[in-house]
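Coordinates as given in model13.txt (compact mmCIF, C-alpha atoms):
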# COMPACT_ATOMS: atom_id res chain seq x y z
CA MET A 1 -14.05 -17.09 2.60
CA GLN A 2 -16.48 -14.24 2.53
CA THR A 3 -16.69 -12.13 -0.61
CA THR A 4 -18.61 -8.91 -0.59
CA SER A 5 -19.89 -7.32 -3.77
CA VAL A 6 -19.34 -3.61 -3.38
CA ARG A 7 -19.46 -0.30 -5.09
CA LEU A 8 -15.87 0.46 -5.91
CA TYR A 9 -14.89 3.71 -7.54
CA SER A 10 -12.40 4.77 -10.13
CA LEU A 11 -12.27 8.48 -9.48
CA GLN A 12 -11.12 10.71 -12.31
CA ALA A 13 -8.17 13.11 -12.26
CA ASP A 14 -10.47 16.13 -12.65
CA ASN A 15 -12.50 15.20 -9.56
CA LEU A 16 -11.70 17.16 -6.38
CA LYS A 17 -12.68 14.09 -4.35
CA THR A 18 -9.68 12.24 -5.88
CA TYR A 19 -7.27 14.74 -4.35
CA LEU A 20 -9.09 15.03 -1.04
CA LEU A 21 -9.11 11.26 -0.57
CA ALA A 22 -5.48 10.95 -1.66
CA THR A 23 -4.56 13.65 0.88
CA ALA A 24 -6.37 11.71 3.63
CA PHE A 25 -4.65 8.45 2.67
CA VAL A 26 -1.24 10.16 2.49
CA ALA A 27 -1.87 11.53 5.99
CA GLY A 28 -2.65 7.98 7.13
CA ASN A 29 0.57 6.77 5.51
CA ILE A 30 2.45 9.44 7.46
CA VAL A 31 0.85 8.84 10.86
CA LEU A 32 0.84 5.02 10.81
CA PRO A 33 4.58 4.70 10.08
CA GLN A 34 5.37 7.17 12.85
CA LEU A 35 3.40 5.03 15.29
CA CYS A 36 5.11 1.87 14.09
CA HIS A 37 8.56 3.45 14.39
CA LEU A 38 7.99 3.84 18.12
CA VAL A 39 9.01 0.18 18.48
CA PRO A 40 12.33 -1.28 17.29
CA GLN A 41 12.17 -2.39 13.66
CA GLY A 42 8.51 -1.30 13.60
CA GLY A 43 8.70 -0.01 10.05
CA MET A 44 10.43 -3.09 8.69
CA ARG A 45 8.17 -5.44 10.61
CA TRP A 46 4.76 -3.78 9.98
CA LEU A 47 5.37 -2.22 6.50
CA PRO A 48 3.01 0.65 7.40
CA ILE A 49 3.79 2.92 4.47
CA TYR A 50 1.83 0.65 2.13
CA PHE A 51 -1.36 0.25 4.16
CA PHE A 52 -3.40 3.26 3.06
CA THR A 53 -2.12 2.98 -0.50
CA LEU A 54 -3.77 -0.45 -0.62
CA VAL A 55 -7.03 0.80 0.88
CA GLY A 56 -7.19 3.94 -1.27
CA ALA A 57 -6.39 2.21 -4.55
CA TYR A 58 -8.72 -0.73 -3.93
CA LYS A 59 -11.72 1.33 -2.86
CA TYR A 60 -11.30 4.52 -4.90
CA GLY A 61 -9.25 3.49 -7.92
CA TRP A 62 -5.75 3.62 -9.24
CA ARG A 63 -5.56 7.43 -9.45
CA VAL A 64 -6.07 7.82 -5.70
CA GLY A 65 -3.66 4.92 -5.20
CA VAL A 66 -0.93 6.40 -7.41
CA LEU A 67 -1.14 9.81 -5.74
CA THR A 68 -0.92 8.13 -2.34
CA ALA A 69 1.87 5.79 -3.49
CA VAL A 70 4.06 8.58 -4.86
CA LEU A 71 3.54 11.20 -2.17
CA SER A 72 3.62 9.05 0.99
CA PRO A 73 7.22 7.78 0.79
CA MET A 74 8.56 11.12 -0.45
CA LEU A 75 6.89 13.11 2.33
CA ASN A 76 7.89 10.59 5.00
CA SER A 77 11.50 10.70 3.81
CA TRP A 78 11.54 14.49 3.65
CA LEU A 79 9.83 15.03 7.00
CA PHE A 80 11.30 12.20 9.07
CA GLY A 81 14.21 10.69 7.13
CA MET A 82 12.38 7.36 6.82
CA PRO A 83 12.51 5.68 4.41
CA ALA A 84 16.13 6.58 3.76
CA ALA A 85 16.61 8.52 0.53
CA GLU A 86 18.61 5.70 -1.08
CA MET A 87 15.65 3.34 -0.58
CA LEU A 88 13.07 5.71 -2.11
CA PRO A 89 13.25 4.17 -5.62
CA VAL A 90 12.49 0.71 -4.19
CA ILE A 91 9.71 1.94 -1.88
CA GLU A 92 8.21 4.05 -4.69
CA CYS A 93 8.31 1.07 -7.07
CA LYS A 94 6.59 -1.21 -4.57
CA SER A 95 4.03 1.48 -3.72
CA LEU A 96 3.21 2.06 -7.39
CA LEU A 97 2.95 -1.69 -8.01
CA LEU A 98 0.58 -1.95 -5.05
CA ALA A 99 -1.59 0.92 -6.32
CA ALA A 100 -1.75 -0.54 -9.83
CA ALA A 101 -2.47 -4.08 -8.63
CA ALA A 102 -5.13 -2.97 -6.15
CA GLY A 103 -6.86 -0.74 -8.69
CA PHE A 104 -6.78 -3.48 -11.33
CA VAL A 105 -8.03 -6.31 -9.09
CA ALA A 106 -10.80 -4.14 -7.64
CA ALA A 107 -11.95 -3.01 -11.09
CA ARG A 108 -11.97 -6.59 -12.41
CA SER A 109 -13.51 -8.35 -9.42
CA LYS A 110 -15.89 -5.59 -8.31
CA SER A 111 -15.77 -7.24 -4.89
CA VAL A 112 -13.57 -7.37 -1.85
CA SER A 113 -12.37 -10.60 -0.32
CA ILE A 114 -9.40 -11.72 1.67
CA ILE A 115 -8.29 -13.75 -1.37
CA SER A 116 -8.36 -10.71 -3.69
CA ILE A 117 -6.47 -8.56 -1.18
CA ALA A 118 -3.95 -11.38 -0.63
CA ALA A 119 -3.45 -11.64 -4.40
CA VAL A 120 -2.74 -7.90 -4.62
CA VAL A 121 -0.24 -8.06 -1.76
CA ALA A 122 1.47 -11.17 -3.15
CA LEU A 123 1.77 -9.56 -6.60
CA TYR A 124 3.30 -6.31 -5.43
CA GLN A 125 5.64 -8.13 -3.04
CA ALA A 126 6.85 -10.58 -5.70
CA VAL A 127 7.43 -8.03 -8.46
CA GLY A 128 8.67 -5.40 -6.00
CA SER A 129 11.15 -7.83 -4.48
CA ALA A 130 12.48 -8.68 -7.95
CA PHE A 131 12.93 -4.95 -8.62
CA GLU A 132 14.66 -4.50 -5.25
CA TRP A 133 17.01 -7.39 -6.01
CA ALA A 134 17.89 -5.85 -9.37
CA TRP A 135 18.28 -2.37 -7.83
CA THR A 136 20.38 -3.36 -4.80
CA GLY A 137 22.01 -6.54 -6.08
CA SER A 138 21.11 -8.18 -2.78
CA LEU A 139 18.67 -11.06 -2.61
CA ALA A 140 18.69 -10.81 1.20
CA ALA A 141 17.59 -7.16 1.03
CA ALA A 142 14.97 -8.03 -1.56
CA LEU A 143 13.46 -10.72 0.65
CA GLN A 144 13.53 -8.61 3.82
CA ASP A 145 9.88 -7.54 3.47
CA VAL A 146 8.83 -11.17 3.49
CA ARG A 147 11.37 -12.38 6.04
CA ILE A 148 10.98 -9.59 8.62
CA GLY A 149 7.77 -8.00 7.39
CA LEU A 150 5.47 -11.03 7.52
CA PRO A 151 3.36 -9.41 10.30
CA GLY A 152 2.97 -6.35 8.07
CA ILE A 153 1.93 -8.48 5.11
CA VAL A 154 -0.72 -10.16 7.27
CA LEU A 155 -1.82 -6.72 8.53
CA GLN A 156 -2.15 -5.48 4.95
CA ILE A 157 -4.29 -8.44 3.98
CA LEU A 158 -6.55 -8.72 7.02
CA GLY A 159 -6.48 -5.06 8.03
CA GLY A 160 -6.90 -3.84 4.47
CA TRP A 161 -9.86 -6.14 3.96
CA ALA A 162 -11.45 -5.00 7.24
CA VAL A 163 -10.93 -1.28 6.58
CA ILE A 164 -12.27 -1.50 3.02
CA ARG A 165 -15.36 -3.36 4.29
CA TYR A 166 -15.79 -0.74 7.02
CA ILE A 167 -15.58 2.12 4.50
CA ILE A 168 -18.09 0.34 2.28
CA ARG A 169 -20.62 0.15 5.10
CA LYS A 170 -20.33 3.87 5.93
I'd like the structure from this file rewritten - as structure tokens, please.
Amino acid sequence: MQTTSVRLYSLQADNLKTYLLATAFVAGNIVLPQLCHLVPQGGMRWLPIYFFTLVGAYKYGWRVGVLTAVLSPMLNSWLFGMPAAEMLPVIECKSLLLAAAAGFVAARSKSVSIISIAAVVALYQAVGSAFEWAWTGSLAAALQDVRIGLPGIVLQILGGWAVIRYIIRK
């Protein structure tokens, strides 16, 4: 496994760059789900609403991640009706867990590797699924991201790692 030591940021709340980057990542989290929804079960299979939250939080810190995590699902639901309003608490919880985990792991490791990205994804999926089970009362619904969304989990890990490495080189 290749690990790359990188310059990761933890942008502050008073930095304009925090909001500009969060806006860009929110836009990505709006466009990518729309593309995925062009195929049946695309959203459930590819889990696109989490992708740029992972990238933003890992590379630029938890503040960018939290802004992206909170705004992306709300705007997608408001603009396109997906995710459904009743699922917003679950999606928001998972998004916030992802932002926190990515920001924490990046700050601690100061590197990017497939293993570190996989750990972030596994953590938010495990805790998020437990929250979803408690929220919905349905274990089947809670495990849907893993059962149906395995391609999306792989995309988050491999694609997230590749995009973060690409951003680092630019």
Hey, what's within 9 Å of region 94-105 of chain A if we count all atoms listed in the file and toss same-chain stuff fewer than 3 positions away? As a compact mmCIF listing (two decimals) with C-alpha atoms, in the coordinates of the input, please?
# COMPACT_ATOMS: atom_id res chain seq x y z
CA SER A 10 -12.40 4.77 -10.13
CA ILE A 49 3.79 2.92 4.47
CA TYR A 50 1.83 0.65 2.13
CA THR A 53 -2.12 2.98 -0.50
CA LEU A 54 -3.77 -0.45 -0.62
CA VAL A 55 -7.03 0.80 0.88
CA GLY A 56 -7.19 3.94 -1.27
CA ALA A 57 -6.39 2.21 -4.55
CA TYR A 58 -8.72 -0.73 -3.93
CA LYS A 59 -11.72 1.33 -2.86
CA TYR A 60 -11.30 4.52 -4.90
CA GLY A 61 -9.25 3.49 -7.92
CA TRP A 62 -5.75 3.62 -9.24
CA ARG A 63 -5.56 7.43 -9.45
CA VAL A 64 -6.07 7.82 -5.70
CA GLY A 65 -3.66 4.92 -5.20
CA VAL A 66 -0.93 6.40 -7.41
CA LEU A 67 -1.14 9.81 -5.74
CA THR A 68 -0.92 8.13 -2.34
CA ALA A 69 1.87 5.79 -3.49
CA VAL A 70 4.06 8.58 -4.86
CA SER A 72 3.62 9.05 0.99
CA PRO A 73 7.22 7.78 0.79
CA PRO A 89 13.25 4.17 -5.62
CA VAL A 90 12.49 0.71 -4.19
CA ILE A 91 9.71 1.94 -1.88
CA ARG A 108 -11.97 -6.59 -12.41
CA SER A 109 -13.51 -8.35 -9.42
CA LYS A 110 -15.89 -5.59 -8.31
CA SER A 111 -15.77 -7.24 -4.89
CA SER A 116 -8.36 -10.71 -3.69
CA ILE A 117 -6.47 -8.56 -1.18
CA ALA A 119 -3.45 -11.64 -4.40
CA VAL A 120 -2.74 -7.90 -4.62
CA VAL A 121 -0.24 -8.06 -1.76
CA LEU A 123 1.77 -9.56 -6.60
CA TYR A 124 3.30 -6.31 -5.43
CA GLN A 125 5.64 -8.13 -3.04
CA VAL A 127 7.43 -8.03 -8.46
CA GLY A 128 8.67 -5.40 -6.00
CA SER A 129 11.15 -7.83 -4.48
CA PHE A 131 12.93 -4.95 -8.62
CA GLU A 132 14.66 -4.50 -5.25
**Study point:** Between CA of Leu88 (chain A) and CA of Leu150 (chain A), distance in Å (one decimal)
**Key:**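 The value is 20.8 Å.
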Could you put an axis-aligned box around every listed atom of region 77-94 of chain A, padded by 8 Å on each side, and send me its centre and edge lengths in Å to one decimal, as AutoDock Vina command-line options?
--center_x 12.6 --center_y 6.9 --center_z 1.0 --size_x 28.0 --size_y 32.2 --size_z 32.1
Exercise for review: Give the answer as one residue: which of A:Gln34, A:Ser113, A:Asn15, A:Asn29 has the shortest atom-to-atom distance to Met74 (chain A), using all atoms listed in the file?
Suggested key: A:Asn29
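Our summary of the geometry notes that CA of Asn76 (chain A) is positioned 27.1 Å from CA of Arg165 (chain A).
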Revision key, fill the gap. The distance between CA of Gly159 (chain A) and CA of Met87 (chain A) is 25.2 Å
Review point. Which of these, A:Tyr19, A:Ala84, A:Leu11, A:Phe52, has the shortest distance to Trp161 (chain A) once you count all atoms listed in the file?
Key: A:Phe52
Practice item. Select, from A:Ile30, A:Ile164, A:Ala13, A:Ala141, the residue with the minimum atom-to-atom distance to Ala106 (chain A), counting only C-alpha atoms. Key: A:Ile164
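When all atoms listed in the file are used to compute distances to Ile148 (chain A), the closest of the residues A:Gly160, A:Pro83, A:Pro48, A:Gly43 turns out to be A:Gly43.
Using all atoms listed in the file, the smallest distance between any of A:Ile167, A:Leu47, A:Ala162, A:Glu92 and Gly149 (chain A) comes from A:Leu47.
Take the candidates A:Ala27, A:Trp46, A:Leu20, A:Ala142 and check each one against Leu71 (chain A) using all atoms listed in the file; the shortest distance goes to A:Ala27.
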